[in-house]
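Q: So I've got this file, start.txt, and it contains compact mmCIF, C-alpha atoms:
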# COMPACT_ATOMS: atom_id res chain seq x y z
CA MET A 1 -14.73 18.09 19.88
CA SER A 2 -11.49 19.72 20.97
CA ASP A 3 -8.40 19.71 18.73
CA THR A 4 -6.42 17.76 21.33
CA VAL A 5 -8.98 14.95 21.42
CA ILE A 6 -9.02 14.66 17.61
CA VAL A 7 -5.22 14.61 17.37
CA ALA A 8 -5.06 12.07 20.20
CA GLY A 9 -7.58 9.96 18.27
CA VAL A 10 -5.40 10.12 15.15
CA PHE A 11 -2.41 8.86 17.13
CA VAL A 12 -4.44 6.12 18.84
CA ILE A 13 -5.91 4.85 15.54
CA SER A 14 -2.58 5.03 13.66
CA TYR A 15 -0.58 3.30 16.37
CA GLY A 16 -3.50 0.91 16.88
CA MET A 17 -3.32 -0.15 13.24
CA ILE A 18 0.42 -0.80 13.58
CA ILE A 19 -0.11 -2.81 16.78
CA ALA A 20 -2.99 -4.74 15.21
CA TYR A 21 -0.83 -5.65 12.20
CA SER A 22 2.03 -6.72 14.49
CA VAL A 23 -0.34 -8.94 16.50
CA TYR A 24 -1.72 -10.39 13.25
CA LEU A 25 1.82 -11.25 12.12
CA HIS A 26 2.57 -12.83 15.48
CA LEU A 27 -0.56 -15.01 15.38
CA ARG A 28 -0.05 -15.97 11.73
CA ARG A 29 3.55 -16.93 12.38
CA ARG A 30 2.53 -19.03 15.39
CA ARG A 31 -0.14 -20.81 13.35
CA ALA A 32 2.33 -21.46 10.51
CA ALA A 33 4.95 -22.75 12.95
CA THR A 34 2.40 -25.08 14.58
CA ARG A 35 1.53 -26.63 11.23
CA SER A 36 5.18 -27.18 10.27
CA MET B 1 12.33 -16.02 16.36
CA THR B 2 14.64 -14.44 18.93
CA ARG B 3 16.01 -12.11 16.27
CA ILE B 4 12.46 -10.97 15.41
CA ARG B 5 11.60 -10.43 19.07
CA VAL B 6 14.73 -8.31 19.56
CA LEU B 7 13.87 -6.30 16.44
CA PHE B 8 10.32 -5.70 17.69
CA GLY B 9 11.68 -4.70 21.11
CA VAL B 10 14.02 -2.16 19.51
CA ALA B 11 11.21 -0.92 17.25
CA ALA B 12 8.81 -0.52 20.20
CA ALA B 13 11.42 1.48 22.11
CA ALA B 14 12.13 3.65 19.04
CA MET B 15 8.40 4.24 18.48
CA ALA B 16 7.97 5.22 22.15
CA VAL B 17 10.80 7.75 21.83
CA GLY B 18 9.24 9.02 18.59
CA LEU B 19 5.85 9.40 20.27
CA TRP B 20 7.43 11.34 23.12
CA PHE B 21 9.08 13.73 20.62
CA ALA B 22 5.79 14.06 18.71
CA LEU B 23 3.81 14.96 21.82
CA THR B 24 6.38 17.34 23.32
CA ALA B 25 7.34 19.26 20.15
CA PRO B 26 5.94 22.81 20.13
CA PRO B 27 2.60 23.15 18.28
CA ASP B 28 2.42 25.26 15.13
CA ALA B 29 1.29 28.88 15.60
CA LEU B 30 -1.49 28.56 13.00
CA GLN B 31 -2.38 24.85 13.03
CA GLY B 32 -2.05 24.31 16.78
CA GLU B 33 -2.18 20.70 17.94
CA TYR B 34 -2.94 19.45 14.42
CA SER B 35 0.68 20.07 13.40
CA ARG B 36 1.64 17.03 15.52
CA ILE B 37 0.02 14.80 12.89
CA ILE B 38 3.10 15.42 10.71
CA ASN B 39 4.97 13.04 13.02
CA VAL B 40 2.80 10.12 11.84
CA HIS B 41 1.81 11.33 8.36
CA VAL B 42 5.28 11.95 6.89
CA PRO B 43 6.99 8.86 8.42
CA SER B 44 4.12 6.66 7.20
CA LEU B 45 4.39 7.86 3.63
CA TRP B 46 8.19 7.74 3.76
CA LEU B 47 7.83 4.07 4.74
CA ALA B 48 5.34 3.50 1.93
CA PHE B 49 7.84 4.89 -0.60
CA LEU B 50 10.64 2.82 0.92
CA ALA B 51 8.47 -0.31 0.99
CA PHE B 52 7.37 0.00 -2.63
CA GLY B 53 10.97 0.68 -3.66
CA VAL B 54 12.01 -2.53 -1.91
CA THR B 55 9.13 -4.34 -3.64
CA ALA B 56 10.49 -3.16 -7.00
CA LEU B 57 14.02 -4.20 -6.04
CA GLY B 58 12.83 -7.65 -4.91
CA SER B 59 10.79 -7.98 -8.12
CA ILE B 60 13.76 -7.12 -10.35
CA MET B 61 15.97 -9.54 -8.43
CA TRP B 62 13.37 -12.31 -8.73
CA LEU B 63 13.06 -11.77 -12.50
CA TRP B 64 16.85 -11.92 -12.75
CA LYS B 65 17.82 -14.64 -10.26
CA LYS B 66 14.53 -16.56 -9.89
CA LYS B 67 15.25 -17.11 -6.20
CA GLN B 68 12.20 -17.47 -3.98
CA ARG B 69 13.61 -15.21 -1.26
CA TRP B 70 13.39 -12.18 -3.59
CA ASP B 71 9.70 -12.90 -4.12
CA ARG B 72 9.23 -13.13 -0.35
CA LEU B 73 10.97 -9.78 0.10
CA ALA B 74 8.90 -8.08 -2.61
CA SER B 75 5.53 -9.40 -1.42
CA ALA B 76 6.23 -8.71 2.27
CA SER B 77 7.30 -5.16 1.52
CA ALA B 78 4.19 -4.47 -0.59
CA GLU B 79 1.94 -5.58 2.28
CA VAL B 80 3.75 -3.35 4.77
CA GLY B 81 3.67 -0.50 2.24
CA VAL B 82 -0.09 -0.78 1.83
CA LEU B 83 -0.56 -0.58 5.61
CA PHE B 84 1.51 2.61 5.85
CA THR B 85 -0.07 4.18 2.76
CA GLY B 86 -3.42 3.61 4.46
CA ILE B 87 -2.19 5.28 7.65
CA GLY B 88 -0.74 8.15 5.59
CA LEU B 89 -4.06 8.67 3.78
CA PHE B 90 -6.06 8.52 7.01
CA THR B 91 -3.83 10.97 8.90
CA GLY B 92 -3.73 13.27 5.87
CA MET B 93 -7.52 13.34 5.62
CA VAL B 94 -7.98 14.30 9.28
CA TRP B 95 -5.26 16.93 8.95
CA GLY B 96 -6.76 18.25 5.71
CA GLN B 97 -10.21 18.53 7.26
CA ALA B 98 -8.71 20.63 10.06
CA VAL B 99 -6.46 22.98 8.08
CA TRP B 100 -7.98 23.02 4.57
CA GLY B 101 -11.60 22.60 5.64
CA ARG B 102 -11.96 19.44 3.55
CA ALA B 103 -10.72 15.90 4.01
CA TRP B 104 -10.44 15.04 0.33
CA ASP B 105 -10.15 16.74 -3.06
CA TRP B 106 -10.03 14.63 -6.22
CA GLY B 107 -8.57 17.63 -8.03
CA ASP B 108 -5.41 17.53 -5.93
CA PRO B 109 -2.71 15.44 -7.68
CA ARG B 110 -0.89 14.44 -4.45
CA LEU B 111 -4.04 13.08 -2.82
CA THR B 112 -5.33 11.38 -5.94
CA SER B 113 -1.99 9.84 -6.97
CA THR B 114 -1.49 8.51 -3.42
CA ALA B 115 -4.96 6.94 -3.49
CA VAL B 116 -4.21 5.36 -6.89
CA MET B 117 -0.91 4.01 -5.54
CA PHE B 118 -2.76 2.54 -2.54
CA PHE B 119 -5.27 0.73 -4.76
CA VAL B 120 -2.62 -0.50 -7.23
CA TYR B 121 -0.69 -2.16 -4.40
CA LEU B 122 -3.94 -3.55 -2.97
CA GLY B 123 -4.34 -5.03 -6.45
CA TYR B 124 -0.81 -6.45 -6.17
CA ILE B 125 -1.86 -8.31 -2.99
CA ALA B 126 -5.10 -9.45 -4.64
CA LEU B 127 -3.13 -10.71 -7.65
CA ARG B 128 -0.91 -12.79 -5.40
CA ASN B 129 -3.92 -14.30 -3.65
CA ALA B 130 -5.57 -15.11 -6.97
CA VAL B 131 -2.78 -17.38 -8.24
CA ASP B 132 -1.86 -20.75 -6.71
CA ASP B 133 1.23 -21.69 -8.69
CA PRO B 134 4.19 -20.12 -6.83
CA VAL B 135 6.25 -19.48 -9.98
CA VAL B 136 3.35 -17.91 -11.91
CA LYS B 137 2.46 -15.89 -8.80
CA ALA B 138 6.04 -14.65 -8.42
CA ARG B 139 6.39 -13.77 -12.12
CA ARG B 140 3.11 -11.88 -12.42
CA SER B 141 3.56 -9.97 -9.18
CA ALA B 142 7.21 -9.19 -10.04
CA ILE B 143 6.13 -7.58 -13.32
CA LEU B 144 3.48 -5.55 -11.49
CA GLY B 145 5.99 -4.68 -8.76
CA VAL B 146 8.40 -3.24 -11.33
CA VAL B 147 5.72 -1.33 -13.27
CA ALA B 148 3.89 0.02 -10.20
CA VAL B 149 6.96 1.66 -8.68
CA VAL B 150 6.82 4.46 -11.28
CA GLN B 151 4.07 5.88 -9.07
CA VAL B 152 6.50 6.62 -6.24
CA PRO B 153 8.34 9.53 -7.95
CA LEU B 154 5.03 10.65 -9.47
CA VAL B 155 3.44 10.90 -6.01
CA TYR B 156 6.52 12.56 -4.51
CA PHE B 157 6.95 15.20 -7.22
CA SER B 158 3.21 15.74 -7.86
CA VAL B 159 3.25 18.72 -5.47
CA ASN B 160 5.99 20.37 -7.56
CA LEU B 161 4.49 19.52 -10.94
CA PHE B 162 0.94 20.69 -10.11
CA ARG B 163 0.43 23.32 -7.44
CA THR B 164 -3.02 22.87 -5.91
CA LEU B 165 -4.08 22.11 -2.34
CA HIS B 166 -1.26 20.04 -0.87
CA GLN B 167 1.84 21.95 0.22
CA THR B 168 5.28 21.29 -1.28
CA GLN B 169 7.95 19.31 0.59
CA SER B 170 9.00 20.68 4.00
CA ILE B 171 12.55 19.39 3.52
CA ARG B 172 14.26 20.62 0.36
CA PRO B 173 17.83 20.62 -0.94
CA ASP B 174 18.21 24.26 0.17
CA GLY B 175 17.01 23.56 3.73
CA SER B 176 13.83 23.03 5.74
CA THR B 177 10.78 25.24 6.13
CA MET B 178 10.14 23.82 9.62
CA PRO B 179 11.40 25.11 13.00
CA ALA B 180 14.28 23.01 14.38
CA GLU B 181 12.26 21.41 17.23
CA MET B 182 9.50 20.26 14.89
CA LEU B 183 12.00 19.04 12.31
CA VAL B 184 13.93 17.01 14.90
CA ALA B 185 10.70 15.42 16.17
CA MET B 186 9.69 14.46 12.65
CA LEU B 187 13.12 13.02 11.79
CA VAL B 188 13.17 10.99 15.03
CA ASN B 189 9.82 9.53 13.98
CA VAL B 190 11.09 8.83 10.46
CA ALA B 191 13.98 6.88 12.03
CA ALA B 192 11.62 5.05 14.44
CA PHE B 193 9.23 4.07 11.65
CA THR B 194 12.18 2.83 9.57
CA ILE B 195 13.29 0.56 12.43
CA LEU B 196 9.69 -0.65 12.70
CA TYR B 197 9.74 -1.44 8.98
CA VAL B 198 12.80 -3.65 9.46
CA ALA B 199 11.05 -5.55 12.29
CA LEU B 200 7.80 -5.98 10.34
CA MET B 201 9.73 -7.15 7.28
CA ALA B 202 11.71 -9.68 9.31
CA ALA B 203 8.47 -11.12 10.71
CA ARG B 204 6.57 -11.07 7.42
CA THR B 205 9.34 -12.70 5.35
CA ASP B 206 9.77 -15.33 8.06
CA ILE B 207 6.06 -16.17 7.87
CA ALA B 208 6.27 -16.46 4.08
CA ARG B 209 9.27 -18.80 4.40
CA ILE B 210 7.49 -21.08 6.91
CA GLU B 211 4.26 -21.11 4.89
CA GLU B 212 6.17 -22.03 1.71
CA ALA B 213 7.85 -24.91 3.54
CA ASN B 214 4.46 -26.03 4.89
CA ARG B 215 2.95 -25.89 1.42
CA GLU B 216 5.72 -28.05 -0.03
CA THR B 217 5.31 -30.55 2.80
CA GLU B 218 1.54 -30.68 2.28
CA LEU B 219 1.98 -31.21 -1.46
CA LEU B 220 4.39 -34.09 -0.84
CA ALA B 221 2.09 -35.61 1.77
CA GLY B 222 -0.84 -35.13 -0.57
CA ASP B 223 0.92 -37.15 -3.28
CA ALA B 224 1.79 -39.87 -0.80
CA VAL B 225 -1.76 -40.42 0.39
CA LYS B 226 -3.53 -39.80 -2.92
CA PRO B 227 -5.53 -42.93 -3.81
CA PRO B 228 -4.62 -44.54 -7.16
CA LYS B 229 -7.00 -44.02 -10.06
CA LEU B 230 -9.00 -47.07 -11.12
CA SER B 231 -7.36 -46.95 -14.53
CA GLU B 232 -3.97 -47.29 -12.82
CA VAL B 233 -4.98 -50.43 -10.93
CA GLY B 234 -4.50 -53.75 -12.69
CA ASP B 235 -6.31 -56.73 -11.17
CA VAL B 236 -8.59 -55.87 -8.30
What would you get if you wrote out this structure as C-alpha cells?

A:
Amino acid sequence: MSDTVIVAGVFVISYGMIIAYSVYLHLRRRRAATRS
Amino acid sequence: MTRIRVLFGVAAAAMAVGLWFALTAPPDALQGEYSRIINVHVPSLWLAFLAFGVTALGSIMWLWKKKQRWDRLASASAEVGVLFTGIGLFTGMVWGQAVWGRAWDWGDPRLTSTAVMFFVYLGYIALRNAVDDPVVKARRSAILGVVAVVQVPLVYFSVNLFRTLHQTQSIRPDGSTMPAEMLVAMLVNVAAFTILYVALMAARTDIARIEEANRETELLAGDAVKPPKLSEVGDV
C-alpha cells in the first residue's frame, strides 16, 4: 500500500471520528430536547 | 442552538483551512508523506491536554462552589479529551509503524503514559455512568478529575525525563526544530482544533444541561404519579 493511501486513510479515520462524535452530539441533543 | 450552530460552522471552516495547510505543506525529506500526520497527531494531543486541564479546573470549581455548571464543564471536557487522546494514539501508532518500524512499545514512557491517561479518563466516564445521585456523581468525579490531571505534565515531560523511542518536543523555548512551512501548518491545525474544542464543548455542556432538566422533571412527575403504599391508605 502506498504511503499516500495510508496517510489519506489516517486523515479520513481521524476526521471521521470527529464528524461521528459531532453527529452523535447533534442526535443526542435533539433527543434530549424532544423529551423536554 | 443558534450559537452552537455558528460555533460548528466556524469550526468546520477552520478545520477545512487546517486540512488544506496539512495537505499542501512540504513533506519531510526522510519521512515523506507520513510527516503530514503531525498536523492531526499534535493538535489532537494538545486538545487532550487542554481538555483534561479544563476537567481539573471544573472539578476544583465544583468542589469549591458546588455549582452544577462546573460539573457539566468538567464531565464534558473529559469526554472530548478522551476522543482526542484516542485520535492521538491512533495517529501516533500509524506514524510509529512507518518511521520506527513498530506501532507500539510498552518500554516507551510517552506511549505508555498516554495510554494510561486514556484509560484513566475512560474510567472517569465509567465512574460517572455508574452513579445515579447527581451530587455523589459530581463529588466522586471531581476528586478523580483533580487527581488524574497530574498525568498531563507527566505525559508532556516524559520525553525529556526518559529518552527512548519518542522524539522530544518540536517546539521548545529556544525555537522550533521544524521548517517554517511545516510549523505554520501545524500551528494552523492547533488553532483549528482549539476552535473545534470550543464548539464541541458548547454542544456537550448544552446536552448535559437539558438532560439534567429532563431528569428533574421526570423525578417530579414520578413523585406525582407514584401510587400510595397500602400502609399509607386509611380506609379502603

Q: Taking all atoms listed in the file into account and nothing else, which residues of chain A lie no more than 8 Å away from chain B? Please answer as a PyMOL selection string.

A: chain A and resi 3-4+7+10-11+14+17+22+25-26+28-29+32-33+35-36

Q: What is the distance, in Å and to one decimal place, between atom CA of B:Val82 and atom CA of B:Ala16?

A: 22.7 Å

Q: What does the distance between atom CA of B:Glu79 and atom CA of B:Ile125 come to in Å, to one decimal place?

A: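 It comes out at 7.0 Å.
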
Q: What does the structure give for the distance between atom CA of B:Ala11 and atom CA of B:Gln151, in Å to one decimal?

A: 28.1 Å

Q: Dump as a list of chain:residue names all residues having an atom at most 12 Å from (-5.7, 5.1, -5.3), computed in the file's coordinates with all atoms listed in the file.

A: B:Val82, B:Thr85, B:Gly86, B:Leu89, B:Trp106, B:Pro109, B:Arg110, B:Leu111, B:Thr112, B:Ser113, B:Thr114, B:Ala115, B:Val116, B:Met117, B:Phe118, B:Phe119, B:Val120, B:Tyr121, B:Leu122, B:Gly123, B:Ala148, B:Gln151, B:Val155

Q: Can you work out which one of B:Ala202, B:Thr168, B:Gly81, B:Ala185 has the shortest atom-to-atom distance to A:Ile18, counting all atoms listed in the file?

A: B:Gly81

Q: Do you know which residues are at most 8 Å from B:Met201 counting only C-alpha atoms, after dropping those on the same chain fewer than 5 positions away, and could you put them as a ChimeraX atom specification?

A: /B:73,76-77,80

Q: Could you write stretch 60-89 of chain B of the block just shown to a file containing N, CA and C atoms, as a PDB file, in the first residue's frame?

A:
ATOM      1  N   ILE B  60     -12.213  21.386  40.406  1.00  0.00           N
ATOM      2  CA  ILE B  60     -11.841  22.231  41.557  1.00  0.00           C
ATOM      3  C   ILE B  60     -12.960  23.225  41.858  1.00  0.00           C
ATOM      4  N   MET B  61     -13.502  23.821  40.793  1.00  0.00           N
ATOM      5  CA  MET B  61     -14.559  24.819  40.981  1.00  0.00           C
ATOM      6  C   MET B  61     -15.822  24.177  41.559  1.00  0.00           C
ATOM      7  N   TRP B  62     -16.112  22.923  41.126  1.00  0.00           N
ATOM      8  CA  TRP B  62     -17.292  22.248  41.694  1.00  0.00           C
ATOM      9  C   TRP B  62     -17.076  21.981  43.184  1.00  0.00           C
ATOM     10  N   LEU B  63     -15.874  21.482  43.532  1.00  0.00           N
ATOM     11  CA  LEU B  63     -15.597  21.183  44.946  1.00  0.00           C
ATOM     12  C   LEU B  63     -15.677  22.443  45.800  1.00  0.00           C
ATOM     13  N   TRP B  64     -15.353  23.581  45.197  1.00  0.00           N
ATOM     14  CA  TRP B  64     -15.357  24.850  45.930  1.00  0.00           C
ATOM     15  C   TRP B  64     -16.759  25.462  45.969  1.00  0.00           C
ATOM     16  N   LYS B  65     -17.376  25.602  44.795  1.00  0.00           N
ATOM     17  CA  LYS B  65     -18.645  26.341  44.700  1.00  0.00           C
ATOM     18  C   LYS B  65     -19.889  25.455  44.763  1.00  0.00           C
ATOM     19  N   LYS B  66     -19.716  24.165  44.439  1.00  0.00           N
ATOM     20  CA  LYS B  66     -20.839  23.213  44.388  1.00  0.00           C
ATOM     21  C   LYS B  66     -21.937  23.650  43.400  1.00  0.00           C
ATOM     22  N   LYS B  67     -21.523  24.283  42.335  1.00  0.00           N
ATOM     23  CA  LYS B  67     -22.475  24.672  41.283  1.00  0.00           C
ATOM     24  C   LYS B  67     -22.450  23.614  40.180  1.00  0.00           C
ATOM     25  N   GLN B  68     -23.652  23.219  39.741  1.00  0.00           N
ATOM     26  CA  GLN B  68     -23.771  22.128  38.783  1.00  0.00           C
ATOM     27  C   GLN B  68     -23.063  22.416  37.455  1.00  0.00           C
ATOM     28  N   ARG B  69     -22.991  23.703  37.086  1.00  0.00           N
ATOM     29  CA  ARG B  69     -22.394  24.022  35.781  1.00  0.00           C
ATOM     30  C   ARG B  69     -20.919  23.667  35.730  1.00  0.00           C
ATOM     31  N   TRP B  70     -20.229  23.687  36.881  1.00  0.00           N
ATOM     32  CA  TRP B  70     -18.814  23.301  36.895  1.00  0.00           C
ATOM     33  C   TRP B  70     -18.671  21.800  36.672  1.00  0.00           C
ATOM     34  N   ASP B  71     -19.618  21.031  37.179  1.00  0.00           N
ATOM     35  CA  ASP B  71     -19.612  19.582  36.943  1.00  0.00           C
ATOM     36  C   ASP B  71     -19.873  19.291  35.469  1.00  0.00           C
ATOM     37  N   ARG B  72     -20.787  20.053  34.879  1.00  0.00           N
ATOM     38  CA  ARG B  72     -21.074  19.879  33.442  1.00  0.00           C
ATOM     39  C   ARG B  72     -19.829  20.171  32.612  1.00  0.00           C
ATOM     40  N   LEU B  73     -19.131  21.248  32.968  1.00  0.00           N
ATOM     41  CA  LEU B  73     -17.916  21.631  32.240  1.00  0.00           C
ATOM     42  C   LEU B  73     -16.856  20.530  32.351  1.00  0.00           C
ATOM     43  N   ALA B  74     -16.652  20.055  33.575  1.00  0.00           N
ATOM     44  CA  ALA B  74     -15.617  19.033  33.808  1.00  0.00           C
ATOM     45  C   ALA B  74     -15.925  17.747  33.049  1.00  0.00           C
ATOM     46  N   SER B  75     -17.169  17.278  33.143  1.00  0.00           N
ATOM     47  CA  SER B  75     -17.505  15.993  32.517  1.00  0.00           C
ATOM     48  C   SER B  75     -17.490  16.094  30.991  1.00  0.00           C
ATOM     49  N   ALA B  76     -17.985  17.225  30.463  1.00  0.00           N
ATOM     50  CA  ALA B  76     -17.988  17.403  29.006  1.00  0.00           C
ATOM     51  C   ALA B  76     -16.559  17.421  28.477  1.00  0.00           C
ATOM     52  N   SER B  77     -15.686  18.120  29.184  1.00  0.00           N
ATOM     53  CA  SER B  77     -14.308  18.249  28.731  1.00  0.00           C
ATOM     54  C   SER B  77     -13.571  16.905  28.787  1.00  0.00           C
ATOM     55  N   ALA B  78     -13.870  16.089  29.789  1.00  0.00           N
ATOM     56  CA  ALA B  78     -13.232  14.769  29.880  1.00  0.00           C
ATOM     57  C   ALA B  78     -13.624  13.903  28.688  1.00  0.00           C
ATOM     58  N   GLU B  79     -14.906  13.962  28.308  1.00  0.00           N
ATOM     59  CA  GLU B  79     -15.376  13.153  27.176  1.00  0.00           C
ATOM     60  C   GLU B  79     -14.673  13.567  25.877  1.00  0.00           C
ATOM     61  N   VAL B  80     -14.600  14.892  25.665  1.00  0.00           N
ATOM     62  CA  VAL B  80     -13.924  15.396  24.464  1.00  0.00           C
ATOM     63  C   VAL B  80     -12.429  15.023  24.514  1.00  0.00           C
ATOM     64  N   GLY B  81     -11.842  15.119  25.694  1.00  0.00           N
ATOM     65  CA  GLY B  81     -10.427  14.770  25.857  1.00  0.00           C
ATOM     66  C   GLY B  81     -10.139  13.317  25.527  1.00  0.00           C
ATOM     67  N   VAL B  82     -11.046  12.435  25.929  1.00  0.00           N
ATOM     68  CA  VAL B  82     -10.861  11.005  25.629  1.00  0.00           C
ATOM     69  C   VAL B  82     -10.899  10.774  24.112  1.00  0.00           C
ATOM     70  N   LEU B  83     -11.835  11.438  23.435  1.00  0.00           N
ATOM     71  CA  LEU B  83     -11.919  11.302  21.977  1.00  0.00           C
ATOM     72  C   LEU B  83     -10.589  11.688  21.337  1.00  0.00           C
ATOM     73  N   PHE B  84     -10.044  12.847  21.743  1.00  0.00           N
ATOM     74  CA  PHE B  84      -8.827  13.334  21.087  1.00  0.00           C
ATOM     75  C   PHE B  84      -7.582  12.576  21.541  1.00  0.00           C
ATOM     76  N   THR B  85      -7.589  12.021  22.747  1.00  0.00           N
ATOM     77  CA  THR B  85      -6.471  11.144  23.137  1.00  0.00           C
ATOM     78  C   THR B  85      -6.495   9.897  22.266  1.00  0.00           C
ATOM     79  N   GLY B  86      -7.685   9.373  22.010  1.00  0.00           N
ATOM     80  CA  GLY B  86      -7.827   8.208  21.134  1.00  0.00           C
ATOM     81  C   GLY B  86      -7.303   8.493  19.735  1.00  0.00           C
ATOM     82  N   ILE B  87      -7.663   9.662  19.205  1.00  0.00           N
ATOM     83  CA  ILE B  87      -7.174  10.026  17.864  1.00  0.00           C
ATOM     84  C   ILE B  87      -5.649  10.194  17.891  1.00  0.00           C
ATOM     85  N   GLY B  88      -5.134  10.805  18.958  1.00  0.00           N
ATOM     86  CA  GLY B  88      -3.687  10.987  19.089  1.00  0.00           C
ATOM     87  C   GLY B  88      -2.949   9.655  19.151  1.00  0.00           C
ATOM     88  N   LEU B  89      -3.509   8.704  19.886  1.00  0.00           N
ATOM     89  CA  LEU B  89      -2.882   7.372  19.986  1.00  0.00           C
ATOM     90  C   LEU B  89      -2.918   6.658  18.630  1.00  0.00           C
TER      91      LEU B  89
END
